[in-house]
Amino acid sequence: EAGVTQSPTHLIKTRGQQVTLRCSPISGHTSVYWYQQALGLGLQFLLWYDEGEERNRGNFPPRFSGRQFPNYSSELNVNALELEDSALYLCASSLAVNYGYTFGSGTRLTVV
Amino acid sequence: AQSVTQLGSHVSVSEGALVLLRCNYSSSVPPYLFWYVQYPNQGLQLLLKYTTGATLVKGINGFEAEFKKSETSFHLTKPSAHMSDAAEYFCAVRPTYNQGGKLIFGQGTELSVKP
């Protein structure tokens with residue numbers, strides 16, 4: 001069974017640019033979660049998608065957005081990049097509330 | 001709101017020694033509880049989870065954790081540390097009621113294993 005896949009693995013962008021990160025969940029998982037892991041800040045919840053709908057979002061500005069497609073894959077978009085957006089962005093999928101997440105390997109975003 | 005506290009951001013043990021990583025949660029009802037491990041430049045891997053039933057949970061790589069409701073704790077242990085256990089460990093809770101479906105993570109504990 002394929003795990004959660006994220007692309008790209010690494011990305012370097014300039015301040016002010018826009019970026020799109022992609023995530024494919026495990027087959028059969030309908031929920032996708034996005035987390036930001038910045039140095040020294042732990043894992044911060046960004047977004048939760050389920051059945052194509054945004055169900056919850058963390059305390060991030062509106063320039064962080066995303067969507068979930070009918071095949072349950074997901075995109076995370078970040079507009080007007082700032083230096084502090086440099087982080088590892090982790091996507092996870094889940095089958096049900098009493099299951100843990102299965103994480104992808106992440107996308108390392110560097111903003112210069 | 002639920003929260004998770006991991007005591008000690010860094011823990012160092014000798015190879016072969018007991019590993020004990022502490023996790024306490026705040027919740028009015030017992031949540032689902034998880035431990036994850038993260039190796040450098042990788043995503044998180046599920047070590048073990050507690051949902052219902054037996055309070056002593058066994059996971060992968062010889063780790064186990066015990067849910068203690070009276071202490072609101074879910075400490076992670078391994079009897080004998082191995083060099084390959086060096087990594088960052090995260091405790092997480094997920095409310096049994098719907099709080100946005102998200103996992104709430106502790107700040108992580110970095111485990112070092114000395115030869």
# chains A, B, ... in the order shown; residues from 1 in each chain; ligands from 1
call {"tool": "closest_atom_pairs", "arguments": {"of": "chain B", "to": "chain A", "cutoff": "10 Å", "atoms": "only C-alpha atoms", "output": "CSV"}}
result
residue,atom,partner,partner_atom,distance
B:Pro31,CA,A:Asn98,CA,9.4
B:Tyr32,CA,A:Asn98,CA,6.6
B:Leu33,CA,A:Gly100,CA,8.6
B:Phe34,CA,A:Gly100,CA,6.9
B:Trp35,CA,A:Gly100,CA,9.2
B:Tyr36,CA,A:Gly100,CA,9.4
B:Gln38,CA,A:Ser105,CA,9.8
B:Asn41,CA,A:Ser105,CA,7.9
B:Gln42,CA,A:Ser105,CA,5.0
B:Gly43,CA,A:Ser105,CA,4.0
B:Leu44,CA,A:Phe103,CA,5.7
B:Gln45,CA,A:Phe103,CA,6.8
B:Leu46,CA,A:Thr102,CA,7.2
B:Leu47,CA,A:Gly100,CA,9.9
B:Leu48,CA,A:Gly100,CA,8.8
B:Lys49,CA,A:Gly100,CA,7.2
B:Tyr50,CA,A:Asn98,CA,8.8
B:Thr51,CA,A:Asn98,CA,6.3
B:Thr52,CA,A:Asn98,CA,9.1
B:Phe90,CA,A:Leu43,CA,9.2
B:Ala92,CA,A:Gly100,CA,9.3
B:Val93,CA,A:Gly100,CA,9.4
B:Arg94,CA,A:Val97,CA,7.9
B:Pro95,CA,A:Val97,CA,8.7
B:Thr96,CA,A:Val97,CA,7.7
B:Tyr97,CA,A:Val97,CA,9.1
B:Asn98,CA,A:Val97,CA,8.5
B:Gln99,CA,A:Asn56,CA,9.0
B:Gly100,CA,A:Asn56,CA,5.5
B:Gly101,CA,A:Val97,CA,6.7
B:Lys102,CA,A:Trp48,CA,7.3
B:Leu103,CA,A:Phe45,CA,8.1
B:Ile104,CA,A:Phe45,CA,7.9
B:Phe105,CA,A:Leu43,CA,6.5
B:Gly106,CA,A:Gly42,CA,7.6
B:Gln107,CA,A:Gly42,CA,5.2
B:Gly108,CA,A:Gly42,CA,7.0
call {"tool": "residues_around", "arguments": {"residues": "Ala87 (chain A)", "least_positions_apart": "5", "cutoff": "7 Å", "atoms": "only C-alpha atoms", "output": "list in words"}}
result
Gln36, Gln37, Ala38, Leu39, Arg108, Leu109 and Thr110 of chain A
call {"tool": "select_by_dssp", "arguments": {"residues": "chain B", "states": "helix (DSSP H, G or I)", "output": "list in words"}}
result
Ile60, Asn61, Gly62, Lys69, Ser70, Glu71, Met83, Ser84 and Asp85 of chain B
call {"tool": "atom_distance", "arguments": {"atom1": "CA of Glu51 (chain A)", "atom2": "CA of Val19 (chain A)"}}
result
23.7 Å
call {"tool": "atom_distance", "arguments": {"atom1": "CA of Ser84 (chain B)", "atom2": "CA of Cys23 (chain B)"}}
result
21.5 Å
call {"tool": "residues_around", "arguments": {"residues": "Leu76 (chain A)", "least_positions_apart": "4", "cutoff": "6 Å", "atoms": "only C-alpha atoms", "output": "list of chain:residue names"}}
result
A:Thr20, A:Leu21, A:Ser65, A:Gly66
call {"tool": "residues_around", "arguments": {"residues": "Phe69 (chain A)", "least_positions_apart": "5", "cutoff": "9 Å", "atoms": "only C-alpha atoms", "output": "list of chain:residue names"}}
result
A:Glu51, A:Gly52, A:Ser74, A:Glu75
call {"tool": "write_last_selection", "arguments": {"atoms": "all heavy atoms", "output": "compact mmCIF listing (two decimals), in the first residue's frame"}}
result
# COMPACT_ATOMS: atom_id res chain seq x y z
N GLU A 51 -13.71 14.99 2.76
CA GLU A 51 -14.75 14.89 1.73
C GLU A 51 -14.85 16.16 0.88
O GLU A 51 -15.95 16.60 0.53
CB GLU A 51 -16.10 14.57 2.37
CG GLU A 51 -16.13 13.23 3.10
CD GLU A 51 -16.23 12.04 2.15
OE1 GLU A 51 -16.29 12.23 0.90
OE2 GLU A 51 -16.22 10.90 2.63
N GLY A 52 -13.71 16.74 0.59
CA GLY A 52 -13.69 17.90 -0.30
C GLY A 52 -13.96 19.24 0.35
O GLY A 52 -13.91 20.27 -0.33
N SER A 74 -4.78 16.75 -2.17
CA SER A 74 -4.94 18.10 -1.63
C SER A 74 -3.78 18.98 -2.06
O SER A 74 -2.67 18.49 -2.35
CB SER A 74 -5.01 18.04 -0.10
OG SER A 74 -5.09 19.34 0.46
N GLU A 75 -4.04 20.25 -2.12
CA GLU A 75 -3.02 21.27 -2.36
C GLU A 75 -3.03 22.27 -1.21
O GLU A 75 -4.09 22.59 -0.67
CB GLU A 75 -3.33 22.06 -3.64
CG GLU A 75 -3.05 21.37 -4.92
CD GLU A 75 -3.36 22.26 -6.12
OE1 GLU A 75 -3.93 23.36 -5.94
OE2 GLU A 75 -3.02 21.84 -7.24
call {"tool": "select_by_dssp", "arguments": {"residues": "chain B", "states": "strand (DSSP E)", "output": "ChimeraX atom specification"}}
result
/B:3-7,10-14,19-26,32-38,44-50,56-58,64-68,73-78,87-94,104-105,109-114
call {"tool": "write_last_selection", "arguments": {"atoms": "C-alpha atoms", "output": "PDB file, in the first residue's frame"}}
result
ATOM      1  CA  SER B   3      -3.205  20.624  25.420  1.00  0.00           C
ATOM      2  CA  VAL B   4      -0.185  18.378  25.651  1.00  0.00           C
ATOM      3  CA  THR B   5       2.945  18.897  27.714  1.00  0.00           C
ATOM      4  CA  GLN B   6       6.123  16.967  27.133  1.00  0.00           C
ATOM      5  CA  LEU B   7       8.504  17.304  30.048  1.00  0.00           C
ATOM      6  CA  HIS B  10      16.093  16.993  25.417  1.00  0.00           C
ATOM      7  CA  VAL B  11      16.707  13.613  27.033  1.00  0.00           C
ATOM      8  CA  SER B  12      20.031  11.796  26.900  1.00  0.00           C
ATOM      9  CA  VAL B  13      20.511   8.138  27.827  1.00  0.00           C
ATOM     10  CA  SER B  14      23.267   5.587  27.443  1.00  0.00           C
ATOM     11  CA  VAL B  19      14.171   5.323  27.982  1.00  0.00           C
ATOM     12  CA  LEU B  20      11.418   7.364  29.645  1.00  0.00           C
ATOM     13  CA  LEU B  21       9.775  10.231  27.793  1.00  0.00           C
ATOM     14  CA  ARG B  22       7.050  12.053  29.675  1.00  0.00           C
ATOM     15  CA  CYS B  23       3.738  13.300  28.350  1.00  0.00           C
ATOM     16  CA  ASN B  24       0.845  14.884  30.204  1.00  0.00           C
ATOM     17  CA  TYR B  25      -2.385  16.076  28.688  1.00  0.00           C
ATOM     18  CA  SER B  26      -5.203  18.288  29.803  1.00  0.00           C
ATOM     19  CA  TYR B  32      -7.175   9.386  22.062  1.00  0.00           C
ATOM     20  CA  LEU B  33      -3.417   9.457  22.657  1.00  0.00           C
ATOM     21  CA  PHE B  34      -0.519   8.911  20.292  1.00  0.00           C
ATOM     22  CA  TRP B  35       3.252   8.851  20.198  1.00  0.00           C
ATOM     23  CA  TYR B  36       5.122   9.660  17.000  1.00  0.00           C
ATOM     24  CA  VAL B  37       8.818   9.549  16.138  1.00  0.00           C
ATOM     25  CA  GLN B  38      10.583  11.811  13.670  1.00  0.00           C
ATOM     26  CA  LEU B  44       6.442  11.521  11.520  1.00  0.00           C
ATOM     27  CA  GLN B  45       5.956   7.808  12.091  1.00  0.00           C
ATOM     28  CA  LEU B  46       3.308   6.427  14.425  1.00  0.00           C
ATOM     29  CA  LEU B  47       4.874   4.496  17.318  1.00  0.00           C
ATOM     30  CA  LEU B  48       1.722   3.563  19.212  1.00  0.00           C
ATOM     31  CA  LYS B  49      -1.734   4.750  20.135  1.00  0.00           C
ATOM     32  CA  TYR B  50      -4.299   4.472  22.897  1.00  0.00           C
ATOM     33  CA  LEU B  56      -0.687  -0.482  28.529  1.00  0.00           C
ATOM     34  CA  VAL B  57      -0.057  -0.125  24.838  1.00  0.00           C
ATOM     35  CA  LYS B  58       2.773  -1.768  22.945  1.00  0.00           C
ATOM     36  CA  GLU B  64       5.326   0.986  25.064  1.00  0.00           C
ATOM     37  CA  ALA B  65       3.214   3.543  26.880  1.00  0.00           C
ATOM     38  CA  GLU B  66       0.741   3.450  29.717  1.00  0.00           C
ATOM     39  CA  PHE B  67      -2.378   5.567  29.882  1.00  0.00           C
ATOM     40  CA  LYS B  68      -2.960   6.736  33.459  1.00  0.00           C
ATOM     41  CA  SER B  73      -0.275  10.950  31.632  1.00  0.00           C
ATOM     42  CA  PHE B  74       0.860   8.835  28.713  1.00  0.00           C
ATOM     43  CA  HIS B  75       4.585   8.307  29.233  1.00  0.00           C
ATOM     44  CA  LEU B  76       6.641   6.449  26.639  1.00  0.00           C
ATOM     45  CA  THR B  77       9.169   3.828  27.727  1.00  0.00           C
ATOM     46  CA  LYS B  78      11.643   1.383  26.273  1.00  0.00           C
ATOM     47  CA  ALA B  87      15.257  10.947  17.136  1.00  0.00           C
ATOM     48  CA  GLU B  88      12.578  13.431  18.126  1.00  0.00           C
ATOM     49  CA  TYR B  89       9.470  12.088  19.794  1.00  0.00           C
ATOM     50  CA  PHE B  90       6.072  13.750  19.817  1.00  0.00           C
ATOM     51  CA  CYS B  91       3.114  13.027  22.038  1.00  0.00           C
ATOM     52  CA  ALA B  92      -0.283  13.940  20.614  1.00  0.00           C
ATOM     53  CA  VAL B  93      -3.909  13.953  21.686  1.00  0.00           C
ATOM     54  CA  ARG B  94      -7.084  13.820  19.679  1.00  0.00           C
ATOM     55  CA  ILE B 104      -2.736  18.406  19.106  1.00  0.00           C
ATOM     56  CA  PHE B 105       0.987  17.854  19.460  1.00  0.00           C
ATOM     57  CA  THR B 109      11.461  15.611  23.065  1.00  0.00           C
ATOM     58  CA  GLU B 110      14.775  15.032  21.376  1.00  0.00           C
ATOM     59  CA  LEU B 111      16.301  11.742  22.475  1.00  0.00           C
ATOM     60  CA  SER B 112      20.066  11.304  22.326  1.00  0.00           C
ATOM     61  CA  VAL B 113      21.657   7.885  22.871  1.00  0.00           C
ATOM     62  CA  LYS B 114      25.270   7.757  23.997  1.00  0.00           C
TER      63      LYS B 114
END
call {"tool": "atom_distance", "arguments": {"atom1": "CA of Phe64 (chain A)", "atom2": "CA of Thr30 (chain A)"}}
result
21.0 Å
call {"tool": "closest_residue", "arguments": {"among": "A:Lys13, A:Val111, A:Arg22, A:Ser27", "to": "Leu83 (chain A)", "atoms": "only C-alpha atoms"}}
result
A:Val111
call {"tool": "residues_around", "arguments": {"residues": "Arg63 (chain A)", "least_positions_apart": "3", "cutoff": "12 Å", "atoms": "only C-alpha atoms", "output": "PyMOL selection string"}}
result
chain A and resi 16-20+46+59-60+66+76-82+85
call {"tool": "write_last_selection", "arguments": {"atoms": "N, CA, C and O atoms", "output": "short mmCIF file (atom, residue, chain, number, x, y, z; two decimals), in the first residue's frame"}}
result
data_model
loop_
_atom_site.label_atom_id
_atom_site.label_comp_id
_atom_site.auth_asym_id
_atom_site.auth_seq_id
_atom_site.Cartn_x
_atom_site.Cartn_y
_atom_site.Cartn_z
N GLY A 16 7.61 37.15 -1.34
CA GLY A 16 6.57 37.72 -2.19
C GLY A 16 6.02 36.75 -3.22
O GLY A 16 4.93 37.00 -3.77
N GLN A 17 6.74 35.67 -3.49
CA GLN A 17 6.25 34.70 -4.46
C GLN A 17 5.12 33.85 -3.86
O GLN A 17 4.80 33.93 -2.67
N GLN A 18 4.56 33.03 -4.73
CA GLN A 18 3.49 32.11 -4.33
C GLN A 18 3.99 30.68 -4.52
O GLN A 18 4.84 30.42 -5.38
N VAL A 19 3.47 29.76 -3.72
CA VAL A 19 3.90 28.36 -3.82
C VAL A 19 2.70 27.43 -3.65
O VAL A 19 1.73 27.78 -2.95
N THR A 20 2.76 26.30 -4.33
CA THR A 20 1.72 25.27 -4.19
C THR A 20 2.39 23.95 -3.82
O THR A 20 3.31 23.51 -4.51
N LEU A 46 -2.43 23.57 10.41
CA LEU A 46 -2.79 24.53 9.37
C LEU A 46 -4.24 24.34 8.91
O LEU A 46 -5.06 25.23 9.01
N ASN A 59 -4.48 28.83 13.30
CA ASN A 59 -4.30 30.27 13.44
C ASN A 59 -3.24 30.79 12.46
O ASN A 59 -2.15 31.18 12.86
N PHE A 60 -3.57 30.75 11.21
CA PHE A 60 -2.69 31.22 10.15
C PHE A 60 -3.43 32.26 9.32
O PHE A 60 -4.65 32.23 9.21
N GLY A 66 -6.01 26.27 0.74
CA GLY A 66 -5.84 24.99 0.08
C GLY A 66 -7.15 24.48 -0.45
O GLY A 66 -8.17 25.19 -0.46
N LEU A 76 -1.84 22.74 -0.89
CA LEU A 76 -1.69 23.85 0.04
C LEU A 76 -1.05 25.00 -0.74
O LEU A 76 -0.01 24.81 -1.37
N ASN A 77 -1.69 26.15 -0.71
CA ASN A 77 -1.18 27.32 -1.39
C ASN A 77 -0.77 28.37 -0.37
O ASN A 77 -1.48 28.60 0.62
N VAL A 78 0.37 28.96 -0.61
CA VAL A 78 0.82 30.05 0.25
C VAL A 78 1.16 31.22 -0.67
O VAL A 78 2.02 31.10 -1.55
N ASN A 79 0.47 32.33 -0.48
CA ASN A 79 0.71 33.54 -1.26
C ASN A 79 1.60 34.50 -0.51
O ASN A 79 1.74 34.42 0.72
N ALA A 80 2.20 35.41 -1.26
CA ALA A 80 3.00 36.49 -0.66
C ALA A 80 3.95 35.95 0.40
O ALA A 80 3.90 36.34 1.58
N LEU A 81 4.80 35.04 -0.02
CA LEU A 81 5.69 34.36 0.91
C LEU A 81 6.53 35.32 1.74
O LEU A 81 7.03 36.34 1.24
N GLU A 82 6.68 34.96 3.02
CA GLU A 82 7.53 35.71 3.93
C GLU A 82 8.64 34.79 4.43
O GLU A 82 8.52 33.56 4.35
N ASP A 85 7.92 31.89 6.65
CA ASP A 85 7.19 30.74 6.12
C ASP A 85 8.13 29.56 5.85
O ASP A 85 7.68 28.46 5.53
#
call {"tool": "decode", "arguments": {"residues": "region 55-69 of chain A", "atoms": "all heavy atoms", "output": "PDB file, in the first residue's frame"}}
result
ATOM      1  N   ARG A  55     -12.698  21.704   6.847  1.00  0.00           N
ATOM      2  CA  ARG A  55     -13.420  21.465   8.101  1.00  0.00           C
ATOM      3  C   ARG A  55     -12.906  22.333   9.235  1.00  0.00           C
ATOM      4  O   ARG A  55     -13.636  22.639  10.165  1.00  0.00           O
ATOM      5  CB  ARG A  55     -13.289  20.001   8.520  1.00  0.00           C
ATOM      6  CG  ARG A  55     -13.798  19.017   7.497  1.00  0.00           C
ATOM      7  CD  ARG A  55     -15.285  19.143   7.243  1.00  0.00           C
ATOM      8  NE  ARG A  55     -15.769  18.105   6.333  1.00  0.00           N
ATOM      9  CZ  ARG A  55     -17.012  18.017   5.889  1.00  0.00           C
ATOM     10  NH1 ARG A  55     -17.914  18.908   6.274  1.00  0.00           N
ATOM     11  NH2 ARG A  55     -17.356  17.042   5.071  1.00  0.00           N
ATOM     12  N   ASN A  56     -11.642  22.679   9.178  1.00  0.00           N
ATOM     13  CA  ASN A  56     -11.071  23.483  10.261  1.00  0.00           C
ATOM     14  C   ASN A  56      -9.759  24.077   9.774  1.00  0.00           C
ATOM     15  O   ASN A  56      -9.104  23.504   8.882  1.00  0.00           O
ATOM     16  CB  ASN A  56     -10.813  22.603  11.496  1.00  0.00           C
ATOM     17  CG  ASN A  56     -10.651  23.425  12.781  1.00  0.00           C
ATOM     18  OD1 ASN A  56     -10.874  24.634  12.781  1.00  0.00           O
ATOM     19  ND2 ASN A  56     -10.261  22.769  13.848  1.00  0.00           N
ATOM     20  N   ARG A  57      -9.403  25.237  10.315  1.00  0.00           N
ATOM     21  CA  ARG A  57      -8.107  25.803  10.001  1.00  0.00           C
ATOM     22  C   ARG A  57      -7.477  26.333  11.279  1.00  0.00           C
ATOM     23  O   ARG A  57      -8.169  26.731  12.218  1.00  0.00           O
ATOM     24  CB  ARG A  57      -8.183  26.878   8.923  1.00  0.00           C
ATOM     25  CG  ARG A  57      -8.909  28.140   9.289  1.00  0.00           C
ATOM     26  CD  ARG A  57      -8.853  29.131   8.111  1.00  0.00           C
ATOM     27  NE  ARG A  57      -7.520  29.633   7.913  1.00  0.00           N
ATOM     28  CZ  ARG A  57      -6.897  29.664   6.732  1.00  0.00           C
ATOM     29  NH1 ARG A  57      -7.475  29.193   5.648  1.00  0.00           N
ATOM     30  NH2 ARG A  57      -5.682  30.169   6.620  1.00  0.00           N
ATOM     31  N   GLY A  58      -6.165  26.335  11.291  1.00  0.00           N
ATOM     32  CA  GLY A  58      -5.426  26.820  12.434  1.00  0.00           C
ATOM     33  C   GLY A  58      -5.280  28.329  12.390  1.00  0.00           C
ATOM     34  O   GLY A  58      -5.840  29.022  11.537  1.00  0.00           O
ATOM     35  N   ASN A  59      -4.476  28.831  13.299  1.00  0.00           N
ATOM     36  CA  ASN A  59      -4.302  30.269  13.440  1.00  0.00           C
ATOM     37  C   ASN A  59      -3.244  30.786  12.464  1.00  0.00           C
ATOM     38  O   ASN A  59      -2.145  31.180  12.856  1.00  0.00           O
ATOM     39  CB  ASN A  59      -3.906  30.585  14.886  1.00  0.00           C
ATOM     40  CG  ASN A  59      -3.918  32.066  15.165  1.00  0.00           C
ATOM     41  OD1 ASN A  59      -4.611  32.823  14.490  1.00  0.00           O
ATOM     42  ND2 ASN A  59      -3.133  32.480  16.144  1.00  0.00           N
ATOM     43  N   PHE A  60      -3.574  30.753  11.213  1.00  0.00           N
ATOM     44  CA  PHE A  60      -2.692  31.222  10.150  1.00  0.00           C
ATOM     45  C   PHE A  60      -3.431  32.263   9.315  1.00  0.00           C
ATOM     46  O   PHE A  60      -4.654  32.226   9.206  1.00  0.00           O
ATOM     47  CB  PHE A  60      -2.255  30.053   9.251  1.00  0.00           C
ATOM     48  CG  PHE A  60      -1.156  29.221   9.842  1.00  0.00           C
ATOM     49  CD1 PHE A  60      -1.447  28.203  10.743  1.00  0.00           C
ATOM     50  CD2 PHE A  60       0.176  29.448   9.512  1.00  0.00           C
ATOM     51  CE1 PHE A  60      -0.438  27.440  11.308  1.00  0.00           C
ATOM     52  CE2 PHE A  60       1.192  28.688  10.063  1.00  0.00           C
ATOM     53  CZ  PHE A  60       0.884  27.687  10.961  1.00  0.00           C
ATOM     54  N   PRO A  61      -2.685  33.185   8.705  1.00  0.00           N
ATOM     55  CA  PRO A  61      -3.348  34.231   7.906  1.00  0.00           C
ATOM     56  C   PRO A  61      -3.994  33.646   6.656  1.00  0.00           C
ATOM     57  O   PRO A  61      -3.645  32.536   6.222  1.00  0.00           O
ATOM     58  CB  PRO A  61      -2.198  35.181   7.553  1.00  0.00           C
ATOM     59  CG  PRO A  61      -0.958  34.377   7.706  1.00  0.00           C
ATOM     60  CD  PRO A  61      -1.222  33.380   8.795  1.00  0.00           C
ATOM     61  N   PRO A  62      -4.898  34.416   6.039  1.00  0.00           N
ATOM     62  CA  PRO A  62      -5.645  33.923   4.866  1.00  0.00           C
ATOM     63  C   PRO A  62      -4.765  33.619   3.664  1.00  0.00           C
ATOM     64  O   PRO A  62      -5.216  32.928   2.741  1.00  0.00           O
ATOM     65  CB  PRO A  62      -6.609  35.081   4.555  1.00  0.00           C
ATOM     66  CG  PRO A  62      -6.717  35.835   5.817  1.00  0.00           C
ATOM     67  CD  PRO A  62      -5.391  35.706   6.515  1.00  0.00           C
ATOM     68  N   ARG A  63      -3.517  34.098   3.655  1.00  0.00           N
ATOM     69  CA  ARG A  63      -2.670  33.785   2.502  1.00  0.00           C
ATOM     70  C   ARG A  63      -2.279  32.299   2.476  1.00  0.00           C
ATOM     71  O   ARG A  63      -1.729  31.827   1.486  1.00  0.00           O
ATOM     72  CB  ARG A  63      -1.425  34.695   2.487  1.00  0.00           C
ATOM     73  CG  ARG A  63      -0.574  34.625   3.718  1.00  0.00           C
ATOM     74  CD  ARG A  63       0.475  35.736   3.727  1.00  0.00           C
ATOM     75  NE  ARG A  63       1.374  35.570   4.857  1.00  0.00           N
ATOM     76  CZ  ARG A  63       2.411  34.760   4.832  1.00  0.00           C
ATOM     77  NH1 ARG A  63       2.689  34.092   3.722  1.00  0.00           N
ATOM     78  NH2 ARG A  63       3.181  34.629   5.894  1.00  0.00           N
ATOM     79  N   PHE A  64      -2.580  31.605   3.548  1.00  0.00           N
ATOM     80  CA  PHE A  64      -2.465  30.143   3.559  1.00  0.00           C
ATOM     81  C   PHE A  64      -3.845  29.583   3.202  1.00  0.00           C
ATOM     82  O   PHE A  64      -4.825  29.838   3.925  1.00  0.00           O
ATOM     83  CB  PHE A  64      -2.046  29.619   4.930  1.00  0.00           C
ATOM     84  CG  PHE A  64      -0.616  29.873   5.280  1.00  0.00           C
ATOM     85  CD1 PHE A  64      -0.211  31.079   5.806  1.00  0.00           C
ATOM     86  CD2 PHE A  64       0.346  28.883   5.086  1.00  0.00           C
ATOM     87  CE1 PHE A  64       1.118  31.324   6.129  1.00  0.00           C
ATOM     88  CE2 PHE A  64       1.679  29.107   5.414  1.00  0.00           C
ATOM     89  CZ  PHE A  64       2.063  30.332   5.932  1.00  0.00           C
ATOM     90  N   SER A  65      -3.908  28.853   2.130  1.00  0.00           N
ATOM     91  CA  SER A  65      -5.189  28.285   1.723  1.00  0.00           C
ATOM     92  C   SER A  65      -4.943  26.946   1.057  1.00  0.00           C
ATOM     93  O   SER A  65      -3.797  26.566   0.812  1.00  0.00           O
ATOM     94  CB  SER A  65      -5.924  29.223   0.778  1.00  0.00           C
ATOM     95  OG  SER A  65      -5.203  29.339  -0.439  1.00  0.00           O
ATOM     96  N   GLY A  66      -6.005  26.267   0.743  1.00  0.00           N
ATOM     97  CA  GLY A  66      -5.837  24.988   0.076  1.00  0.00           C
ATOM     98  C   GLY A  66      -7.152  24.477  -0.453  1.00  0.00           C
ATOM     99  O   GLY A  66      -8.167  25.189  -0.457  1.00  0.00           O
ATOM    100  N   ARG A  67      -7.095  23.277  -0.932  1.00  0.00           N
ATOM    101  CA  ARG A  67      -8.312  22.616  -1.378  1.00  0.00           C
ATOM    102  C   ARG A  67      -8.083  21.115  -1.425  1.00  0.00           C
ATOM    103  O   ARG A  67      -6.943  20.636  -1.416  1.00  0.00           O
ATOM    104  CB  ARG A  67      -8.739  23.134  -2.750  1.00  0.00           C
ATOM    105  CG  ARG A  67      -7.691  23.033  -3.831  1.00  0.00           C
ATOM    106  CD  ARG A  67      -8.233  23.571  -5.140  1.00  0.00           C
ATOM    107  NE  ARG A  67      -7.196  23.659  -6.168  1.00  0.00           N
ATOM    108  CZ  ARG A  67      -7.456  23.857  -7.448  1.00  0.00           C
ATOM    109  NH1 ARG A  67      -8.708  23.989  -7.855  1.00  0.00           N
ATOM    110  NH2 ARG A  67      -6.475  23.940  -8.325  1.00  0.00           N
ATOM    111  N   GLN A  68      -9.194  20.408  -1.494  1.00  0.00           N
ATOM    112  CA  GLN A  68      -9.139  18.956  -1.636  1.00  0.00           C
ATOM    113  C   GLN A  68      -9.938  18.575  -2.873  1.00  0.00           C
ATOM    114  O   GLN A  68     -11.043  19.063  -3.087  1.00  0.00           O
ATOM    115  CB  GLN A  68      -9.704  18.248  -0.402  1.00  0.00           C
ATOM    116  CG  GLN A  68      -9.522  16.733  -0.449  1.00  0.00           C
ATOM    117  CD  GLN A  68     -10.063  16.032   0.787  1.00  0.00           C
ATOM    118  OE1 GLN A  68     -11.056  16.456   1.381  1.00  0.00           O
ATOM    119  NE2 GLN A  68      -9.407  14.943   1.184  1.00  0.00           N
ATOM    120  N   PHE A  69      -9.376  17.709  -3.656  1.00  0.00           N
ATOM    121  CA  PHE A  69      -9.972  17.303  -4.924  1.00  0.00           C
ATOM    122  C   PHE A  69     -10.870  16.077  -4.742  1.00  0.00           C
ATOM    123  O   PHE A  69     -10.813  15.403  -3.710  1.00  0.00           O
ATOM    124  CB  PHE A  69      -8.860  17.027  -5.934  1.00  0.00           C
ATOM    125  CG  PHE A  69      -8.013  18.233  -6.217  1.00  0.00           C
ATOM    126  CD1 PHE A  69      -6.804  18.422  -5.562  1.00  0.00           C
ATOM    127  CD2 PHE A  69      -8.434  19.201  -7.125  1.00  0.00           C
ATOM    128  CE1 PHE A  69      -6.032  19.542  -5.805  1.00  0.00           C
ATOM    129  CE2 PHE A  69      -7.660  20.316  -7.375  1.00  0.00           C
ATOM    130  CZ  PHE A  69      -6.459  20.490  -6.708  1.00  0.00           C
TER     131      PHE A  69
END
